[in-house]
>>> print(open('final.cif').read())   # mmCIF, C-alpha atoms
data_input
#
loop_
_atom_site.label_atom_id
_atom_site.label_comp_id
_atom_site.auth_asym_id
_atom_site.auth_seq_id
_atom_site.Cartn_x
_atom_site.Cartn_y
_atom_site.Cartn_z
CA MET F 300 0.00 0.00 0.00
CA ARG F 301 1.35 3.38 -0.91
CA ILE F 302 1.22 5.97 1.82
CA HIS F 303 0.55 9.52 0.74
CA ILE F 304 2.52 11.49 3.25
CA GLU F 305 0.75 14.72 2.30
CA ASN F 306 -2.44 13.25 3.75
CA TYR F 307 -0.94 13.14 7.20
CA PRO F 308 -0.97 16.33 9.19
CA ILE F 309 2.54 17.14 10.31
CA LYS F 310 2.68 19.00 13.58
CA LYS F 311 5.35 21.63 13.18
CA ALA F 312 7.44 21.83 16.30
CA HIS F 313 8.19 25.26 17.62
CA MET F 314 11.51 26.44 18.93
CA LEU F 315 11.47 26.80 22.67
CA SER F 316 11.05 30.46 23.48
CA GLU F 317 12.59 32.07 26.54
CA ASP F 318 9.20 31.68 28.21
CA ASP F 319 9.22 27.98 27.34
CA LYS F 320 12.68 27.67 28.86
CA ASP F 321 11.40 29.36 32.00
CA GLU F 322 8.55 26.87 32.01
CA LEU F 323 11.05 24.02 31.65
CA PHE F 324 13.10 25.40 34.52
CA ASP F 325 10.01 25.66 36.72
CA ALA F 326 8.77 22.22 35.66
CA ILE F 327 12.01 20.61 36.82
CA CYS F 328 11.92 22.48 40.14
CA ASP F 329 8.26 21.53 40.56
CA GLY F 330 8.81 17.87 39.67
CA ASP F 331 6.51 18.10 36.64
CA ARG F 332 8.02 15.30 34.60
CA GLU F 333 5.27 15.36 31.96
CA THR F 334 5.93 18.99 31.06
CA VAL F 335 9.69 18.42 31.08
CA VAL F 336 9.35 15.52 28.65
CA GLU F 337 6.98 17.51 26.43
CA LEU F 338 9.24 20.57 26.22
CA VAL F 339 12.47 18.64 25.75
CA SER F 340 10.82 16.48 23.09
CA ARG F 341 9.72 19.62 21.29
CA ALA F 342 13.26 21.02 21.44
CA ARG F 343 14.62 17.74 20.07
CA ASP F 344 12.06 17.58 17.26
CA ASP F 345 12.94 21.12 16.28
CA GLY F 346 16.65 20.36 16.19
CA GLN F 347 17.50 22.75 18.99
CA ASN F 348 20.91 22.53 20.61
CA LEU F 349 20.14 20.11 23.45
CA GLY F 350 23.56 20.49 25.03
CA GLU F 351 22.88 24.18 25.47
CA LEU F 352 19.38 23.52 26.78
CA LEU F 353 20.84 21.12 29.33
CA LYS F 354 23.58 23.52 30.37
CA ASP F 355 21.65 26.79 30.36
CA THR F 356 18.23 25.73 31.63
CA MET F 357 18.03 22.23 33.04
CA ILE F 358 21.20 22.02 35.11
CA PRO F 359 20.55 25.42 36.69
CA ALA F 360 17.09 24.17 37.71
CA MET F 361 18.63 21.27 39.61
CA THR F 362 21.20 23.64 41.10
CA GLU F 363 18.32 25.78 42.31
CA ILE F 364 16.68 22.79 44.01
CA GLY F 365 20.03 21.85 45.57
CA ASN F 366 20.46 25.37 46.91
CA GLN F 367 16.94 25.34 48.33
CA PHE F 368 17.70 22.01 50.03
CA SER F 369 20.93 23.32 51.54
CA ALA F 370 19.05 26.40 52.77
CA GLY F 371 16.43 24.17 54.42
CA GLU F 372 13.65 25.42 52.15
CA VAL F 373 12.89 22.02 50.61
CA PHE F 374 13.44 18.48 51.87
CA VAL F 375 14.61 15.26 50.26
CA PRO F 376 11.22 14.35 48.67
CA GLU F 377 11.24 17.60 46.68
CA MET F 378 14.75 16.77 45.45
CA LEU F 379 13.61 13.27 44.49
CA VAL F 380 10.69 14.43 42.36
CA ALA F 381 12.77 17.20 40.78
CA ALA F 382 15.53 14.71 39.94
CA ARG F 383 12.96 12.38 38.44
CA ALA F 384 11.52 15.14 36.27
CA MET F 385 15.04 16.08 35.21
CA GLN F 386 15.77 12.46 34.36
CA GLY F 387 12.73 12.43 32.08
CA GLY F 388 14.44 15.13 30.02
CA ILE F 389 17.89 13.58 30.23
CA ASN F 390 16.52 10.28 28.89
CA ILE F 391 15.59 12.14 25.71
CA ILE F 392 18.78 14.19 25.48
CA GLU F 393 21.39 11.57 26.36
CA PRO F 394 21.11 9.32 23.29
CA ILE F 395 21.36 12.36 21.04
CA LEU F 396 24.32 13.91 22.82
CA ALA F 397 26.05 10.54 22.79
CA GLN F 398 26.23 10.84 18.99
CA THR F 399 27.93 14.22 19.20
CA ASP F 400 31.20 15.43 20.69
CA HIS F 401 29.36 16.73 23.72
CA GLU F 402 31.40 16.29 26.88
CA PRO F 403 29.89 15.88 30.33
CA VAL F 404 30.86 18.39 33.02
CA GLY F 405 33.09 15.66 34.41
CA ARG F 406 33.35 11.93 34.99
CA VAL F 407 32.79 10.69 38.51
CA CYS F 408 32.59 7.31 40.20
CA ILE F 409 31.01 6.78 43.59
CA GLY F 410 30.62 3.97 46.09
CA SER F 411 30.11 3.15 49.74
CA VAL F 412 33.40 1.92 51.17
CA LYS F 413 34.19 -1.68 52.06
CA GLY F 414 32.03 -2.96 54.89
CA ASP F 415 29.36 -0.30 54.45
CA LEU F 416 26.13 -1.59 52.94
CA HIS F 417 24.23 1.68 53.14
CA ASP F 418 23.36 3.40 49.89
CA ILE F 419 20.81 6.04 50.81
CA GLY F 420 23.23 8.98 50.96
CA LYS F 421 25.26 7.78 48.02
CA ASN F 422 22.17 7.52 45.84
CA LEU F 423 21.13 11.09 46.59
CA VAL F 424 24.58 12.24 45.53
CA VAL F 425 24.32 10.22 42.30
CA MET F 426 21.02 11.92 41.47
CA MET F 427 22.37 15.39 42.16
CA LEU F 428 25.60 14.76 40.22
CA LYS F 429 23.63 13.55 37.20
CA GLY F 430 21.39 16.59 37.53
CA ALA F 431 24.51 18.75 37.49
CA GLY F 432 25.65 17.28 34.16
CA PHE F 433 28.23 14.79 35.41
CA GLU F 434 28.66 11.32 34.01
CA VAL F 435 28.41 9.05 37.03
CA GLU F 436 29.59 5.48 37.46
CA ASP F 437 27.85 3.98 40.49
CA LEU F 438 30.07 1.30 42.00
CA GLY F 439 27.46 0.32 44.59
CA VAL F 440 28.07 -0.56 48.23
CA ASP F 441 30.80 -2.51 50.03
CA VAL F 442 33.33 -1.40 47.41
CA GLY F 443 36.92 -2.57 47.83
CA ASN F 444 39.98 -0.34 47.40
CA ALA F 445 41.03 -1.93 44.12
CA ALA F 446 37.60 -1.30 42.55
CA PHE F 447 37.98 2.44 43.20
CA ALA F 448 41.46 2.43 41.65
CA GLU F 449 40.17 0.52 38.61
CA ALA F 450 37.35 3.04 38.20
CA ALA F 451 39.93 5.82 38.11
CA GLU F 452 41.84 3.92 35.43
CA ARG F 453 38.64 3.86 33.36
CA GLY F 454 38.80 7.65 33.16
CA ASN F 455 36.84 8.83 36.14
CA GLN F 456 38.31 12.14 37.28
CA VAL F 457 36.80 12.08 40.75
CA ILE F 458 36.30 9.25 43.19
CA CYS F 459 33.49 9.85 45.69
CA LEU F 460 33.58 7.80 48.88
CA SER F 461 30.54 7.39 51.09
CA ALA F 462 30.37 6.03 54.65
CA LEU F 463 27.46 6.12 57.06
CA LEU F 464 29.00 4.41 60.05
CA THR F 465 31.65 5.17 62.59
CA THR F 466 32.92 1.65 62.02
CA THR F 467 33.41 2.14 58.27
CA LYS F 468 34.69 5.72 58.39
CA PRO F 469 38.35 4.62 58.88
CA GLN F 470 38.08 2.65 55.64
CA MET F 471 38.02 5.97 53.78
CA GLY F 472 41.56 6.65 54.98
CA GLU F 473 42.55 3.21 53.74
CA VAL F 474 41.13 3.94 50.27
CA VAL F 475 42.96 7.29 50.05
CA LYS F 476 46.20 5.59 51.10
CA TYR F 477 45.68 2.79 48.58
CA LEU F 478 44.96 5.20 45.75
CA LYS F 479 48.08 7.23 46.52
CA GLU F 480 50.23 4.10 46.60
CA ALA F 481 48.67 3.02 43.31
CA GLY F 482 49.61 6.38 41.81
CA THR F 483 46.02 7.34 41.05
CA THR F 484 45.69 10.97 40.00
CA ALA F 485 41.89 11.16 40.34
CA LYS F 486 40.62 13.50 43.03
CA VAL F 487 38.94 12.04 46.11
CA VAL F 488 35.78 13.53 47.59
CA ILE F 489 34.29 12.10 50.77
CA GLY F 490 30.95 12.44 52.53
CA GLY F 491 28.48 10.73 54.82
CA ALA F 492 26.68 11.16 58.11
CA VAL F 493 29.80 10.75 60.24
CA ILE F 494 32.25 12.69 58.04
CA THR F 495 33.59 16.16 58.72
CA GLN F 496 35.92 18.58 56.95
CA SER F 497 38.57 17.98 59.59
CA TYR F 498 38.41 14.24 58.92
CA ALA F 499 38.73 14.86 55.18
CA ASP F 500 41.81 16.99 55.89
CA ALA F 501 43.25 14.37 58.21
CA ILE F 502 43.10 11.55 55.66
CA GLY F 503 44.19 13.71 52.73
CA ALA F 504 40.93 13.77 50.75
CA ASP F 505 40.66 16.56 48.20
CA ALA F 506 37.21 17.75 49.24
CA PHE F 507 34.30 17.04 51.55
CA GLY F 508 30.57 17.30 50.84
CA GLU F 509 28.32 17.98 53.81
CA ASP F 510 25.14 16.88 51.98
CA ALA F 511 24.11 15.83 48.46
CA PRO F 512 24.22 19.32 46.88
CA GLY F 513 27.36 19.97 48.93
CA ALA F 514 28.92 16.88 47.39
CA VAL F 515 28.27 18.29 43.91
CA ASN F 516 30.02 21.51 44.92
CA ALA F 517 32.87 19.51 46.44
CA VAL F 518 33.33 17.60 43.18
CA LYS F 519 33.35 20.89 41.27
CA ARG F 520 35.92 22.33 43.70
CA ALA F 521 38.09 19.24 43.35
CA LEU F 522 38.05 19.69 39.57
CA GLY F 523 38.70 23.41 39.80
CA LEU F 524 35.23 24.22 38.44
CA ALA F 525 34.14 26.15 41.52
CA ASN F 526 35.68 28.02 44.43
CA MET Y 242 3.06 -17.34 82.43
CA GLY Y 243 6.46 -16.97 80.77
CA LEU Y 244 7.95 -18.69 77.80
CA ASP Y 245 9.15 -22.17 78.58
CA GLN Y 246 12.90 -21.71 79.03
CA SER Y 247 13.47 -25.40 78.52
CA ASN Y 248 12.10 -25.09 75.02
CA THR Y 249 15.23 -24.69 72.96
CA ALA Y 250 13.61 -24.25 69.54
CA SER Y 251 13.08 -20.91 67.88
CA THR Y 252 9.57 -19.77 67.08
CA LEU Y 253 9.17 -18.40 63.57
CA ILE Y 254 6.27 -16.11 62.70
CA ASN Y 255 5.76 -15.00 59.12
CA ILE Y 256 3.82 -11.81 58.53
CA PRO Y 257 2.34 -10.97 55.11
CA PRO Y 258 3.86 -7.69 53.83
CA ALA Y 259 0.39 -6.28 53.10
CA GLU Y 260 -0.40 -6.37 56.82
CA LEU Y 261 2.52 -4.03 57.48
CA LEU Y 262 2.59 -1.80 54.43
CA SER Y 263 -0.55 0.26 54.82
CA LYS Y 264 0.30 1.38 58.35
CA ALA Y 265 3.96 1.86 57.48
CA ARG Y 266 3.06 4.01 54.49
CA ALA Y 267 0.67 6.07 56.61
CA ARG Y 268 3.42 6.61 59.18
CA LEU Y 269 5.90 7.66 56.50
CA GLN Y 270 3.40 10.06 55.00
CA ARG Y 271 2.99 11.67 58.40
CA GLN Y 272 6.71 12.45 58.60
CA LYS Y 273 7.27 16.17 58.21
CA GLN Y 274 9.23 16.05 54.99
CA TYR Y 275 6.69 13.80 53.29
CA ALA Y 276 3.60 15.39 54.84
CA ARG Y 277 4.59 18.86 53.72
CA VAL Y 278 4.86 17.87 50.07
CA LEU Y 279 1.69 15.77 50.08
CA GLU Y 280 -0.39 18.43 51.82
CA ARG Y 281 0.57 21.08 49.29
CA GLY Y 282 -0.65 18.95 46.40
CA GLY Y 283 0.30 19.64 42.78
CA ASN Y 284 3.01 17.98 40.73
CA ARG Y 285 5.33 17.37 43.63
CA ALA Y 286 2.63 15.55 45.58
CA SER Y 287 1.59 13.40 42.64
CA GLY Y 288 5.25 12.66 41.86
CA LEU Y 289 5.84 11.63 45.45
CA GLN Y 290 2.69 9.48 45.53
CA SER Y 291 3.98 7.74 42.45
CA LEU Y 292 7.32 7.06 44.15
CA LEU Y 293 5.52 5.81 47.25
CA SER Y 294 3.41 3.43 45.18
CA GLN Y 295 6.46 2.06 43.39
CA ALA Y 296 8.23 1.60 46.71
CA SER Y 297 5.22 -0.11 48.21
CA ASP Y 298 4.86 -2.48 45.24
CA CYS Y 299 8.55 -3.30 45.49
CA ILE Y 300 8.36 -4.19 49.18
CA ALA Y 301 5.10 -6.11 48.70
CA THR Y 302 6.83 -8.23 46.05
CA LEU Y 303 10.21 -8.80 47.63
CA ALA Y 304 9.67 -8.75 51.36
CA GLN Y 305 9.32 -11.89 53.43
CA PRO Y 306 8.84 -10.32 56.84
CA CYS Y 307 9.32 -12.64 59.74
CA ILE Y 308 9.86 -12.68 63.46
CA ALA Y 309 12.00 -15.23 65.24
CA LEU Y 310 11.82 -15.62 69.01
CA ARG Y 311 14.10 -17.82 71.07
CA PRO Y 312 14.16 -18.14 74.86
CA VAL Y 313 17.77 -18.16 75.97
CA GLN Y 314 19.52 -19.10 79.17
CA ALA Y 315 21.00 -16.11 80.97
CA SER Y 316 23.43 -16.37 83.85
CA VAL Y 317 24.85 -13.52 85.88
CA HIS Y 318 28.56 -13.09 86.51
CA HIS Y 319 29.13 -9.92 88.54
CA SER Y 320 27.91 -7.07 86.28
CA SER Y 321 27.78 -9.08 83.10
CA VAL Y 322 25.38 -11.67 81.76
CA GLN Y 323 26.21 -14.77 79.78
CA ILE Y 324 23.57 -15.25 77.07
CA ALA Y 325 22.88 -18.76 75.83
CA GLY Y 326 26.41 -19.73 76.83
CA LEU Y 327 27.64 -17.77 73.82
CA THR Y 328 27.85 -14.07 74.48
CA GLN Y 329 28.94 -12.06 77.47
CA VAL Y 330 26.98 -8.81 77.79
CA GLU Y 331 28.29 -6.08 80.09
CA ASN Y 332 25.18 -4.41 81.44
CA GLN Y 333 24.56 -3.80 85.12
CA MET Y 334 20.82 -3.33 84.76
CA LEU Y 335 20.43 -6.48 82.69
CA ALA Y 336 22.45 -8.34 85.34
CA LYS Y 337 20.21 -6.96 88.08
CA ASP Y 338 17.03 -7.90 86.22
CA VAL Y 339 18.24 -11.42 85.47
CA ALA Y 340 19.30 -11.83 89.09
CA SER Y 341 15.79 -10.72 90.09
CA GLY Y 342 14.23 -13.56 88.15
CA GLY Y 343 13.88 -11.98 84.72
CA THR Y 344 13.83 -14.36 81.79
CA VAL Y 345 15.48 -13.53 78.50
CA THR Y 346 14.27 -14.06 74.93
CA ALA Y 347 16.34 -13.25 71.88
CA TYR Y 348 14.37 -11.74 69.02
CA LEU Y 349 15.24 -11.30 65.39
CA VAL Y 350 13.05 -9.50 62.88
CA THR Y 351 13.88 -9.11 59.22
CA LEU Y 352 12.23 -8.01 56.02
CA GLY Y 353 14.18 -10.70 54.20
CA PHE Y 354 15.35 -8.86 51.11
CA SER Y 355 18.49 -6.96 50.17
CA GLN Y 356 18.66 -3.35 49.10
CA ASN Y 357 20.44 -4.47 45.97
CA SER Y 358 17.51 -6.66 44.96
CA ALA Y 359 15.15 -3.73 45.57
CA PHE Y 360 17.26 -1.45 43.39
CA GLN Y 361 17.18 -4.02 40.61
CA TRP Y 362 13.43 -4.52 41.00
CA LEU Y 363 12.99 -0.76 40.65
CA ASN Y 364 15.07 -0.78 37.45
CA GLY Y 365 17.71 1.44 38.99
CA ASP Y 366 15.29 4.27 39.76
CA TYR Y 367 17.18 6.17 42.45
CA GLY Y 368 14.18 8.21 43.59
CA ALA Y 369 11.92 5.20 44.04
CA HIS Y 370 14.76 3.33 45.75
CA HIS Y 371 15.24 6.15 48.23
CA VAL Y 372 11.55 6.13 49.12
CA GLN Y 373 11.69 2.34 49.34
CA SER Y 374 14.48 2.67 51.94
CA ASP Y 375 12.39 5.09 53.99
CA LEU Y 376 9.30 2.91 53.70
CA SER Y 377 11.23 -0.24 54.58
CA ASN Y 378 12.38 1.44 57.79
CA GLU Y 379 8.76 1.99 58.73
CA VAL Y 380 7.79 -1.55 57.76
CA LEU Y 381 10.59 -2.86 59.95
CA PHE Y 382 9.43 -0.65 62.81
CA LYS Y 383 5.91 -2.04 62.48
CA LEU Y 384 7.28 -5.59 62.39
CA GLY Y 385 9.26 -4.87 65.55
CA ARG Y 386 6.07 -3.68 67.27
CA ILE Y 387 4.31 -6.92 66.31
CA ALA Y 388 7.25 -8.90 67.67
CA HIS Y 389 6.96 -7.06 70.96
CA ARG Y 390 3.21 -7.65 71.08
CA LYS Y 391 3.72 -11.38 70.47
CA GLN Y 392 6.03 -11.48 73.44
CA PHE Y 393 3.46 -9.72 75.59
CA GLU Y 394 0.96 -12.40 74.62
CA GLN Y 395 3.45 -15.07 75.61
CA ASN Y 396 4.35 -13.41 78.91
CA VAL Y 397 1.00 -12.46 80.37
CA GLY Y 398 1.39 -10.38 83.51
CA ALA Y 399 5.11 -9.82 83.06
CA ARG Y 400 6.79 -6.50 82.39
CA LEU Y 401 8.95 -6.50 79.30
CA LYS Y 402 12.11 -4.57 78.59
CA ARG Y 403 13.97 -4.53 75.31
CA ILE Y 404 17.67 -4.26 74.67
CA SER Y 405 18.18 -3.73 70.97
CA VAL Y 406 21.53 -4.80 69.64
CA GLN Y 407 23.17 -1.83 68.04
CA VAL Y 408 26.01 -2.97 65.89
CA ASN Y 409 26.68 0.38 64.39
CA ASP Y 410 26.02 3.96 65.24
CA VAL Y 411 26.05 7.04 63.10
CA CYS Y 412 26.46 9.41 66.02
CA GLY Y 413 29.00 7.80 68.30
CA GLN Y 414 30.15 4.61 69.88
CA GLY Y 415 27.67 4.49 72.77
CA LYS Y 416 25.93 1.16 73.40
CA VAL Y 417 27.52 -0.38 70.33
CA TRP Y 418 27.93 -4.13 70.43
CA ASP Y 419 30.98 -5.88 69.11
CA PRO Y 420 29.95 -7.38 65.72
CA LYS Y 421 31.52 -10.70 66.79
CA LYS Y 422 29.21 -10.82 69.81
CA VAL Y 423 26.28 -9.97 67.57
CA GLN Y 424 27.22 -12.79 65.21
CA SER Y 425 27.36 -15.23 68.08
CA LEU Y 426 23.98 -14.06 69.38
CA LEU Y 427 22.57 -14.52 65.87
CA SER Y 428 23.69 -18.12 66.02
CA VAL Y 429 20.92 -18.91 68.54
CA PHE Y 430 18.64 -18.82 65.51
CA ASP Y 431 20.69 -21.37 63.59
CA ASP Y 432 17.83 -23.89 63.84
CA ILE Y 433 15.84 -21.80 61.37
CA SER Y 434 17.14 -20.55 58.04
CA LEU Y 435 16.63 -16.81 58.09
CA ASP Y 436 19.89 -16.04 56.35
CA VAL Y 437 20.61 -12.95 58.44
CA SER Y 438 24.24 -12.15 59.17
CA VAL Y 439 26.35 -9.24 60.31
CA THR Y 440 29.46 -7.95 58.59
CA ASN Y 441 32.75 -7.30 60.40
CA SER Y 442 31.94 -3.61 60.33
CA GLY Y 443 28.55 -4.14 61.88
CA CYS Y 444 25.99 -4.04 59.09
CA PHE Y 445 23.16 -6.52 59.11
CA GLN Y 446 22.57 -8.44 55.92
CA PRO Y 447 19.79 -7.91 54.90
CA LEU Y 448 20.07 -4.33 56.08
CA ASN Y 449 16.47 -4.20 57.30
CA SER Y 450 16.91 -6.54 60.22
CA LEU Y 451 16.79 -6.08 63.98
CA LEU Y 452 18.23 -8.22 66.73
CA GLY Y 453 17.77 -7.85 70.44
CA LEU Y 454 16.94 -9.24 73.82
CA THR Y 455 13.70 -8.98 75.72
CA ILE Y 456 13.70 -9.39 79.48
CA ALA Y 457 10.42 -10.52 81.01
CA LEU Y 458 10.25 -9.46 84.62
CA PRO Y 459 7.89 -10.84 87.20
CA PRO Y 460 5.36 -8.12 88.12
CA HIS Y 461 6.76 -7.67 91.64
CA VAL Y 462 10.27 -6.73 90.49
CA GLY Y 463 11.03 -3.00 90.65
CA LEU Y 464 11.56 -0.92 87.53
CA SER Y 465 15.03 -0.33 86.27
CA SER Y 466 16.05 1.25 83.01
CA PHE Y 467 18.87 0.80 80.55
#
>>> encode(input="final.cif", output="structure tokens")
Amino acid sequence: MRIHIENYPIKKAHMLSEDDKDELFDAICDGDRETVVELVSRARDDGQNLGELLKDTMIPAMTEIGNQFSAGEVFVPEMLVAARAMQGGINIIEPILAQTDHEPVGRVCIGSVKGDLHDIGKNLVVMMLKGAGFEVEDLGVDVGNAAFAEAAERGNQVICLSALLTTTKPQMGEVVKYLKEAGTTAKVVIGGAVITQSYADAIGADAFGEDAPGAVNAVKRALGLAN
Amino acid sequence: MGLDQSNTASTLINIPPAELLSKARARLQRQKQYARVLERGGNRASGLQSLLSQASDCIATLAQPCIALRPVQASVHHSSVQIAGLTQVENQMLAKDVASGGTVTAYLVTLGFSQNSAFQWLNGDYGAHHVQSDLSNEVLFKLGRIAHRKQFEQNVGARLKRISVQVNDVCGQGKVWDPKKVQSLLSVFDDISLDVSVTNSGCFQPLNSLLGLTIALPPHVGLSSF
């Protein structure tokens, strides 16, 4: 059967206006995944520069949510729904950017140290790092020293270590020591309920994140992308 | 009437997840951070409800909640108590209560699934997994309450005190048990296959598990606290 394409109405996509971009920004902050998907799909269909849209509109929206969280204005559930809305857009953008020479903000691996099976804090950091435009390799929980070193060899520029317990906190020092002995040049960022800046200094970590948005800032500081 | 201390077998009670989930979800939704979003309505509330439903479905599918109870012999040596001939617990109040005729039951409650399996079930959705962790905590709390109630039913007239075994602590070292002692206490449940263990660093596997001791005191014995 021959299909007469002229018989099918073609919906002409419209470039996202500045107002549309504001709407996209607000939709991410508000956790409105449906609107995010609709607007990003429209931008894709119209051949807009998705890398720019990600960098100029979407990432700043997640930064805004992170700032609100750090200021105590929103709680974790708001971050979760915002991150989910953001992910709806990233799912559309990622396959397209993968075909271009687009570079992520940075490459990061993250894991809970050996003996620590908790992932709740680590997972929040993963969500916020992805929302900030980083490529994240999640190594999981109970991660041994060698696995962190191998992740650095795969091109990860930053190694994020998470520990929730007083009993697993010393393991962070062991990882830092191991990485130095292995000659790893990747930066090390640490965080978790029992971690402090003074502990990060004591074990020679490059930066410390006090919460999930703080971890994103710490990663940026470690890479020289923020003060 | 207390539990028969000569009975050396563990009692295993399975609880259907559905019995726990509705109350656990209601409790979670009353927590400030959840309640605030849900009360305000809009996209955030519907997004959060969606995450809660995913988390609930995940737990309903994977969880095999159960309670194990095991009366154990307790003998006092100065200020410490030997539990089931396996573990020495330094606790003056426990020693006093045992010396006063208190009987000891070890309890173990677990949801019976790993966080890794939940993450896989949720197809790597970090948001849903986070909510699942929060909801699992509440389910475990509810299961612990049922375990306590069961012990009340088995110790009519007695006063019960709980000593939860804390193998790790995010805020300090207080009341932390040596993981080796915890492992040996876990071994009292070896006659049933619950597959709960503790790592050298003090994490239960599965993570959503609780272990502890309940002391049943005769009604005439004075109150003491831990």
>>> interface_residues(input="final.cif", of="chain Y", to="chain F", cutoff="10 Å", atoms="only C-alpha atoms", output="NGL selection string")
:Y and (273-279 or 283-292 or 355-357 or 366-375 or 408-414 or 440-448)
>>> atom_distance(input="final.cif", atom1="atom CA of Leu458 of chain Y", atom2="atom CA of Val423 of chain Y")
23.4 Å
>>> atom_distance(input="final.cif", atom1="atom CA of Val474 of chain F", atom2="atom CA of Arg520 of chain F")
20.2 Å
>>> atom_distance(input="final.cif", atom1="atom CA of Ala511 of chain F", atom2="atom CA of Phe433 of chain F")
13.7 Å
>>> closest_residue(input="final.cif", among="Y:Val330, Y:Val317, Y:Ile324, Y:Leu349", to="Asn255 of chain Y", atoms="only C-alpha atoms")
Y:Leu349
>>> resolve_selection(input="final.cif", expression="the PyMOL selection byres ((chain Y and resi 397) around 12)", output="count of residues only")
18
>>> resolve_selection(input="final.cif", expression="the PyMOL selection byres ((chain F and resi 435) around 8)", output="ChimeraX atom specification")
/F:406-409,425,428-429,433-434,436-437
>>> residues_around(input="final.cif", residues="segment 451-459 of chain F", least_positions_apart="3", cutoff="7 Å", atoms="all atoms listed in the file", output="number ranges by chain")
F: 405-410, 447-448, 483, 485-489, 518
>>> resolve_selection(input="final.cif", expression="the PyMOL selection byres ((chain F and resi 431) around 9)", output="list of chain:residue names")
F:Lys354, F:Met357, F:Ile358, F:Pro359, F:Met361, F:Thr362, F:Val404, F:Met426, F:Met427, F:Leu428, F:Lys429, F:Gly430, F:Gly432, F:Phe433, F:Val515
>>> closest_residue(input="final.cif", among="Y:Leu451, Y:Val322, Y:Val350, Y:Leu363", to="Thr302 of chain Y", atoms="all atoms listed in the file")
Y:Leu363
>>> residues_around(input="final.cif", residues="Ile391 of chain F", least_positions_apart="3", cutoff="10 Å", atoms="only C-alpha atoms", output="mmCIF file with C-alpha atoms, keeping the file's coordinate frame")
data_model
loop_
_atom_site.group_PDB
_atom_site.id
_atom_site.type_symbol
_atom_site.label_atom_id
_atom_site.label_comp_id
_atom_site.auth_asym_id
_atom_site.auth_seq_id
_atom_site.Cartn_x
_atom_site.Cartn_y
_atom_site.Cartn_z
ATOM 1 C CA VAL F 336 9.350 15.520 28.650
ATOM 2 C CA VAL F 339 12.470 18.640 25.750
ATOM 3 C CA SER F 340 10.820 16.480 23.090
ATOM 4 C CA ARG F 343 14.620 17.740 20.070
ATOM 5 C CA LEU F 349 20.140 20.110 23.450
ATOM 6 C CA GLN F 386 15.770 12.460 34.360
ATOM 7 C CA GLY F 387 12.730 12.430 32.080
ATOM 8 C CA GLY F 388 14.440 15.130 30.020
ATOM 9 C CA PRO F 394 21.110 9.320 23.290
ATOM 10 C CA ILE F 395 21.360 12.360 21.040
ATOM 11 C CA LEU F 396 24.320 13.910 22.820
#
>>> residues_around(input="final.cif", residues="Ile502 of chain F", least_positions_apart="3", cutoff="8 Å", atoms="only C-alpha atoms", output="list in words")
Met471, Gly472, Val475, Tyr498 and Ala499 of chain F
>>> write_last_selection(input="final.cif", atoms="C-alpha atoms", output="mmCIF file, in the frame of the given file")
data_model
loop_
_atom_site.group_PDB
_atom_site.id
_atom_site.type_symbol
_atom_site.label_atom_id
_atom_site.label_comp_id
_atom_site.auth_asym_id
_atom_site.auth_seq_id
_atom_site.Cartn_x
_atom_site.Cartn_y
_atom_site.Cartn_z
ATOM 1 C CA MET F 471 38.020 5.970 53.780
ATOM 2 C CA GLY F 472 41.560 6.650 54.980
ATOM 3 C CA VAL F 475 42.960 7.290 50.050
ATOM 4 C CA TYR F 498 38.410 14.240 58.920
ATOM 5 C CA ALA F 499 38.730 14.860 55.180
#
>>> residues_near_point(input="final.cif", point="(10.7, 24.4, 18.2)", cutoff="10 Å", atoms="all atoms listed in the file", output="MDAnalysis selection string")
chainID F and resid 311:316 319 338:347
>>> residues_near_point(input="final.cif", point="(8.7, 7.0, 56.8)", cutoff="7 Å", atoms="all atoms listed in the file", output="list in words")
Arg266, Arg268, Leu269, Gln270, Gln272, Asp375, Leu376, Asn378 and Glu379 of chain Y
>>> decode(input="final.cif", residues="segment 366-370 of chain Y", atoms="N, CA, C and O atoms", output="PDB file, in the first residue's frame")
ATOM      1  N   ASP Y 366      15.896   2.953  39.535  1.00  0.00           N
ATOM      2  CA  ASP Y 366      15.291   4.273  39.760  1.00  0.00           C
ATOM      3  C   ASP Y 366      15.706   4.752  41.160  1.00  0.00           C
ATOM      4  O   ASP Y 366      15.205   4.268  42.172  1.00  0.00           O
ATOM      5  N   TYR Y 367      16.616   5.729  41.175  1.00  0.00           N
ATOM      6  CA  TYR Y 367      17.182   6.165  42.453  1.00  0.00           C
ATOM      7  C   TYR Y 367      16.119   6.788  43.374  1.00  0.00           C
ATOM      8  O   TYR Y 367      16.140   6.597  44.581  1.00  0.00           O
ATOM      9  N   GLY Y 368      15.209   7.555  42.782  1.00  0.00           N
ATOM     10  CA  GLY Y 368      14.184   8.208  43.588  1.00  0.00           C
ATOM     11  C   GLY Y 368      13.284   7.193  44.272  1.00  0.00           C
ATOM     12  O   GLY Y 368      13.033   7.260  45.481  1.00  0.00           O
ATOM     13  N   ALA Y 369      12.801   6.235  43.488  1.00  0.00           N
ATOM     14  CA  ALA Y 369      11.922   5.201  44.045  1.00  0.00           C
ATOM     15  C   ALA Y 369      12.667   4.364  45.077  1.00  0.00           C
ATOM     16  O   ALA Y 369      12.103   3.950  46.097  1.00  0.00           O
ATOM     17  N   HIS Y 370      13.954   4.137  44.821  1.00  0.00           N
ATOM     18  CA  HIS Y 370      14.757   3.334  45.750  1.00  0.00           C
ATOM     19  C   HIS Y 370      14.930   4.062  47.081  1.00  0.00           C
ATOM     20  O   HIS Y 370      14.875   3.445  48.155  1.00  0.00           O
TER      21      HIS Y 370
END
